[in-house]
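What follows is a short report on a single structure.
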Amino acid sequence: MIRRQFIQNTILASAAMSFPNVILGSKKERLGVALVGLGGYSTGQLAPALQMTSNCYLAGIVTGTPAKAEDWKNKYNIPEGNIYNYENFESIADNPDIDVVYVVLPNSMHTEFAIKAAEAGKHVWCEKPMAKTVKECEQIIEACKKNKVKLSIGYRMQHEPNTRQLREFVKNQKYGELRMLEAVAGFTMRSTGIWRLDKEMGGGAMYDMGVYPINGVRFLSGMEPISVMAYESVRRPEMFDEVDETMNYILEFPNGLMANCATSFGMNMGRLTATCASGKFWLEPFQSYRGIQGATSDGIQFSDQVKSQQAVQMDDDALAILENKEVMVPGEEGLRDVMVVEAAFKSAKEGIRVKIG
């Protein structure tokens with residue numbers, strides 16, 4: 001009996017070392033999520049959404065602002081031991097309450113903390129854009145694979161029911177063969193002195209909003225673009241002296257399908273339209289947190305179906321971890337979008353069509 005118990009203990013210890021993210025003994029019903037970065041998106045969307053989720057909950061926070069830490073601790077009843085700053089973040093590896101780290105930082109910080117989270121044995125959820133460069137995206141993917149943790153990118157619209165319905169229309173050719181796509185996303189940026197206007201921090205319209213049209217047309221078509229032609233314009237050079245204000249770009253797909261896309265910090269817009277051989281369908285707005293609207297050429301109407309897109313996204317991602325299944329939006333999705341972003345900047349700078357990949 002003593003020998004048998006020794007063997008069992010050895011096997012369990014070996015499994016724990018090989019798979020630090022595996023919960024031994026009993027399966028968790030809900031995953032603990034730590035938000036890294038307590039800016040507007042975490043405060044206004046993710047934290048409230050985590051009060052509605054079934055498969056995960058807000059277990060911890062990471063912030064460099066002590067006042068925020070105290071406020072969140074009191075508001076969400078977060079234990080003192082689950083509150084971290086950027087200097088002691090690595091010690092999160094020792095906390096069994098935290099299963100997932102959600103990176104919600106300025107774009108230039110995604111790579112560092114996504115990799116640190118993976119190395120701590122925590123599953124990684126990373127906001128879009130995944131990173132500033134293709135190389136950084138590849139580093140994140142490799143770190144998650146090496147440490148045997150799952151990686152999901154925060155493209156909530158792939159989880160949104162109306163957007164998924166449009167994808168089904170294309171797959172089933174409900175309105176015939178897909179002939180053209182249009183996708184635009186932007187808003188009027190008025191704030192100054194913020195990281196979205198800082199090139200080194202990954203600011204600019206293309207990184208912040210341009211990935212919505214890119215991911216939208218990739219998702220709807222089910223194909224990868226092979227080239228891009230992009231045109232950059234600036235209406236307020238005194239404000240946009242480092243980063244792009246507006247970018248128009250045309251994506252070409254392998255079968256000749258074209259997608260007309262645009263993004264801007266200089267105008268409010270949000271539309272995703274698919275034109276097919278025998279009809280069309282669209283969402284407008286298509287990327288807003290709420291108020292989704294749309295229709296088809298034969299009269300089908302679309303509107304909000306869920307109370308919180310973020311809650312649906314996080315529940316889907318948590319369930320994939322709990323059931324050890326493939327996540328809906330893996331790291332490769334973020335990588336492919338950043339490939340397009342890099343090619344678009346090259347095209348706009350050189351005035352030529354640029355191949356992707």
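Ordering of the structure tokens sets the chain letters (A, B, ...), residue numbers begin anew at 1 in every chain, and ligands are numbered from 1 in the order given.
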(request) For A:Tyr76, work out the shell of residues within 10 Å, counting only C-alpha atoms and skipping chain neighbours fewer than 5 positions away, then give it as a VMD selection string. (result) chain A and resid 47 to 48 51 58 to 60 71
Print the selection's residues with N, CA, C and O atoms to a file, as a compact mmCIF listing (two decimals), in the first residue's frame.
# COMPACT_ATOMS: atom_id res chain seq x y z
N ALA A 47 -15.11 44.15 -16.38
CA ALA A 47 -15.47 43.89 -14.98
C ALA A 47 -16.97 43.73 -14.81
O ALA A 47 -17.42 42.76 -14.16
N PRO A 48 -17.80 44.63 -15.37
CA PRO A 48 -19.24 44.40 -15.27
C PRO A 48 -19.68 43.10 -15.95
O PRO A 48 -20.57 42.40 -15.44
N GLN A 51 -19.49 39.94 -13.95
CA GLN A 51 -20.54 39.74 -12.96
C GLN A 51 -21.71 38.98 -13.57
O GLN A 51 -22.63 38.57 -12.84
N LEU A 58 -14.42 37.34 -11.84
CA LEU A 58 -13.31 38.25 -11.56
C LEU A 58 -12.65 37.83 -10.26
O LEU A 58 -13.20 37.99 -9.18
N ALA A 59 -11.42 37.29 -10.39
CA ALA A 59 -10.71 36.78 -9.21
C ALA A 59 -9.57 37.68 -8.77
O ALA A 59 -9.18 37.66 -7.60
N GLY A 60 -9.00 38.48 -9.71
CA GLY A 60 -7.85 39.29 -9.35
C GLY A 60 -7.64 40.44 -10.32
O GLY A 60 -8.29 40.52 -11.36
N ASP A 71 -9.96 50.80 -4.81
CA ASP A 71 -11.33 50.96 -5.28
C ASP A 71 -11.90 49.63 -5.78
O ASP A 71 -13.03 49.26 -5.45
Find the residues near stretch 80-90 of chain A: any atom within 10 Å, counting only C-alpha atoms, skip ones fewer than 3 places away on the same chain, and give them as a PDB file with N, CA and C atoms, in the first residue's frame.
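Output contents, as saved in result.pdb:
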ATOM      1  N   ALA A  34      -7.937  37.196 -13.899  1.00  0.00           N
ATOM      2  CA  ALA A  34      -7.270  38.411 -13.430  1.00  0.00           C
ATOM      3  C   ALA A  34      -7.160  39.374 -14.603  1.00  0.00           C
ATOM      4  N   LEU A  35      -7.642  40.590 -14.422  1.00  0.00           N
ATOM      5  CA  LEU A  35      -7.534  41.626 -15.447  1.00  0.00           C
ATOM      6  C   LEU A  35      -6.237  42.391 -15.252  1.00  0.00           C
ATOM      7  N   VAL A  36      -5.455  42.478 -16.322  1.00  0.00           N
ATOM      8  CA  VAL A  36      -4.188  43.215 -16.277  1.00  0.00           C
ATOM      9  C   VAL A  36      -4.388  44.541 -16.999  1.00  0.00           C
ATOM     10  N   GLY A  37      -4.443  45.618 -16.241  1.00  0.00           N
ATOM     11  CA  GLY A  37      -4.718  46.930 -16.797  1.00  0.00           C
ATOM     12  C   GLY A  37      -6.160  47.318 -16.519  1.00  0.00           C
ATOM     13  N   ALA A  59     -11.416  37.291 -10.386  1.00  0.00           N
ATOM     14  CA  ALA A  59     -10.711  36.777  -9.212  1.00  0.00           C
ATOM     15  C   ALA A  59      -9.571  37.680  -8.771  1.00  0.00           C
ATOM     16  N   GLY A  60      -9.001  38.476  -9.709  1.00  0.00           N
ATOM     17  CA  GLY A  60      -7.853  39.289  -9.350  1.00  0.00           C
ATOM     18  C   GLY A  60      -7.645  40.436 -10.315  1.00  0.00           C
ATOM     19  N   ILE A  61      -6.736  41.321  -9.951  1.00  0.00           N
ATOM     20  CA  ILE A  61      -6.419  42.483 -10.787  1.00  0.00           C
ATOM     21  C   ILE A  61      -4.918  42.751 -10.753  1.00  0.00           C
ATOM     22  N   VAL A  62      -4.437  43.417 -11.795  1.00  0.00           N
ATOM     23  CA  VAL A  62      -3.052  43.863 -11.865  1.00  0.00           C
ATOM     24  C   VAL A  62      -3.083  45.330 -12.287  1.00  0.00           C
ATOM     25  N   THR A  63      -2.539  46.196 -11.457  1.00  0.00           N
ATOM     26  CA  THR A  63      -2.543  47.624 -11.744  1.00  0.00           C
ATOM     27  C   THR A  63      -1.333  48.301 -11.124  1.00  0.00           C
ATOM     28  N   GLY A  64      -0.902  49.383 -11.742  1.00  0.00           N
ATOM     29  CA  GLY A  64       0.199  50.165 -11.200  1.00  0.00           C
ATOM     30  C   GLY A  64      -0.282  51.343 -10.382  1.00  0.00           C
ATOM     31  N   THR A  65      -1.585  51.439 -10.158  1.00  0.00           N
ATOM     32  CA  THR A  65      -2.162  52.567  -9.428  1.00  0.00           C
ATOM     33  C   THR A  65      -2.789  52.080  -8.128  1.00  0.00           C
ATOM     34  N   PRO A  66      -2.164  52.347  -6.982  1.00  0.00           N
ATOM     35  CA  PRO A  66      -2.694  51.879  -5.696  1.00  0.00           C
ATOM     36  C   PRO A  66      -4.131  52.317  -5.428  1.00  0.00           C
ATOM     37  N   ALA A  69      -6.432  50.014  -7.198  1.00  0.00           N
ATOM     38  CA  ALA A  69      -6.442  48.716  -6.532  1.00  0.00           C
ATOM     39  C   ALA A  69      -7.392  48.732  -5.336  1.00  0.00           C
ATOM     40  N   GLU A  70      -7.348  49.800  -4.563  1.00  0.00           N
ATOM     41  CA  GLU A  70      -8.213  49.906  -3.388  1.00  0.00           C
ATOM     42  C   GLU A  70      -9.680  50.014  -3.789  1.00  0.00           C
ATOM     43  N   TRP A  72     -11.129  48.926  -6.601  1.00  0.00           N
ATOM     44  CA  TRP A  72     -11.593  47.651  -7.148  1.00  0.00           C
ATOM     45  C   TRP A  72     -11.728  46.594  -6.047  1.00  0.00           C
ATOM     46  N   LYS A  73     -10.814  46.601  -5.116  1.00  0.00           N
ATOM     47  CA  LYS A  73     -10.881  45.658  -3.999  1.00  0.00           C
ATOM     48  C   LYS A  73     -12.203  45.791  -3.265  1.00  0.00           C
ATOM     49  N   ASN A  77     -14.966  43.067  -4.054  1.00  0.00           N
ATOM     50  CA  ASN A  77     -14.619  42.144  -2.975  1.00  0.00           C
ATOM     51  C   ASN A  77     -13.463  41.228  -3.370  1.00  0.00           C
ATOM     52  N   ALA A  93       1.994  33.230 -10.471  1.00  0.00           N
ATOM     53  CA  ALA A  93       2.168  31.796 -10.751  1.00  0.00           C
ATOM     54  C   ALA A  93       1.816  30.946  -9.532  1.00  0.00           C
ATOM     55  N   ASP A  94       1.977  31.506  -8.342  1.00  0.00           N
ATOM     56  CA  ASP A  94       1.751  30.755  -7.112  1.00  0.00           C
ATOM     57  C   ASP A  94       0.317  30.854  -6.607  1.00  0.00           C
ATOM     58  N   ASN A  95      -0.545  31.512  -7.358  1.00  0.00           N
ATOM     59  CA  ASN A  95      -1.908  31.757  -6.888  1.00  0.00           C
ATOM     60  C   ASN A  95      -2.898  30.817  -7.572  1.00  0.00           C
ATOM     61  N   PRO A  96      -3.439  29.828  -6.853  1.00  0.00           N
ATOM     62  CA  PRO A  96      -4.379  28.882  -7.470  1.00  0.00           C
ATOM     63  C   PRO A  96      -5.745  29.498  -7.776  1.00  0.00           C
ATOM     64  N   ASP A  97      -6.023  30.687  -7.242  1.00  0.00           N
ATOM     65  CA  ASP A  97      -7.301  31.341  -7.531  1.00  0.00           C
ATOM     66  C   ASP A  97      -7.357  31.864  -8.968  1.00  0.00           C
ATOM     67  N   ILE A  98      -6.180  32.151  -9.523  1.00  0.00           N
ATOM     68  CA  ILE A  98      -6.103  32.752 -10.859  1.00  0.00           C
ATOM     69  C   ILE A  98      -5.830  31.667 -11.895  1.00  0.00           C
ATOM     70  N   PHE A 113       3.417  41.035 -21.234  1.00  0.00           N
ATOM     71  CA  PHE A 113       2.598  40.460 -20.174  1.00  0.00           C
ATOM     72  C   PHE A 113       1.868  39.197 -20.612  1.00  0.00           C
ATOM     73  N   LYS A 116       4.629  36.672 -19.997  1.00  0.00           N
ATOM     74  CA  LYS A 116       4.797  36.464 -18.555  1.00  0.00           C
ATOM     75  C   LYS A 116       3.653  35.628 -17.983  1.00  0.00           C
ATOM     76  N   ALA A 117       2.440  35.887 -18.451  1.00  0.00           N
ATOM     77  CA  ALA A 117       1.293  35.116 -17.969  1.00  0.00           C
ATOM     78  C   ALA A 117       1.422  33.648 -18.362  1.00  0.00           C
ATOM     79  N   GLU A 119       4.172  32.029 -18.999  1.00  0.00           N
ATOM     80  CA  GLU A 119       5.271  31.439 -18.231  1.00  0.00           C
ATOM     81  C   GLU A 119       4.877  31.190 -16.777  1.00  0.00           C
ATOM     82  N   ALA A 120       3.859  31.899 -16.316  1.00  0.00           N
ATOM     83  CA  ALA A 120       3.337  31.669 -14.960  1.00  0.00           C
ATOM     84  C   ALA A 120       2.348  30.506 -14.939  1.00  0.00           C
TER      85      ALA A 120
END
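Contact shell of A:Ile115 at 10 Å (only C-alpha atoms; same-chain neighbours under 6 positions omitted): A:Gly121, A:Lys122, A:Val124, A:Glu136, A:Gln139, A:Ile140, A:Ile141, A:Glu142, A:Ala143, A:Cys144, A:Asn147.
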(message) Among stretch 78-288 of chain A, which ones does DSSP assign to alpha helix (DSSP H) (computed from the backbone)? Answer as a PyMOL selection string.
(response) chain A and resi 110-119+134-146+161-172+205+211-221
(message) Let me make sure I understand: among A:Leu322, A:Met130, A:Val341, A:Val228, which one has the smallest atom-to-atom distance to A:Lys150 if we use only C-alpha atoms?
(response) A:Leu322
(message) Can you tell me which residues surround A:Met209 at a distance of at most 10 Å, considering only C-alpha atoms, apart from same-chain residues fewer than 4 positions away, and format the answer as a PyMOL selection string?
(response) chain A and resi 128-129+184-187+204-205+213-214+262-265+270+287
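Once A:Trp125 and its same-chain neighbours fewer than 4 positions away are set aside, Val100, Val101, Tyr102, Val103, Val104, Ala114, Lys150, Leu151, Ser152, Ile153, Gly154, Met314 and Asp317 of chain A remain within 9 Å of it when counting only C-alpha atoms.
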(message) For a quick check of understanding, using only C-alpha atoms, which of A:Met269, A:Leu105, A:Leu181, A:Met157 has the smallest distance to A:Ser308?
(response) A:Met157
(request) Compile the contact shell of A:Leu46 as an MDAnalysis selection string: residues with an atom at most 8 Å away, counting only C-alpha atoms, same-chain residues fewer than 5 positions apart removed. (result) chainID A and resid 41 310:311
(message) With only C-alpha atoms as the counted atoms, please give the residues lying no more than 8 Å from A:Glu160, apart from itself and same-chain residues fewer than 4 positions off, as a ChimeraX atom specification.
(response) /A:156,164,306,309,312-313
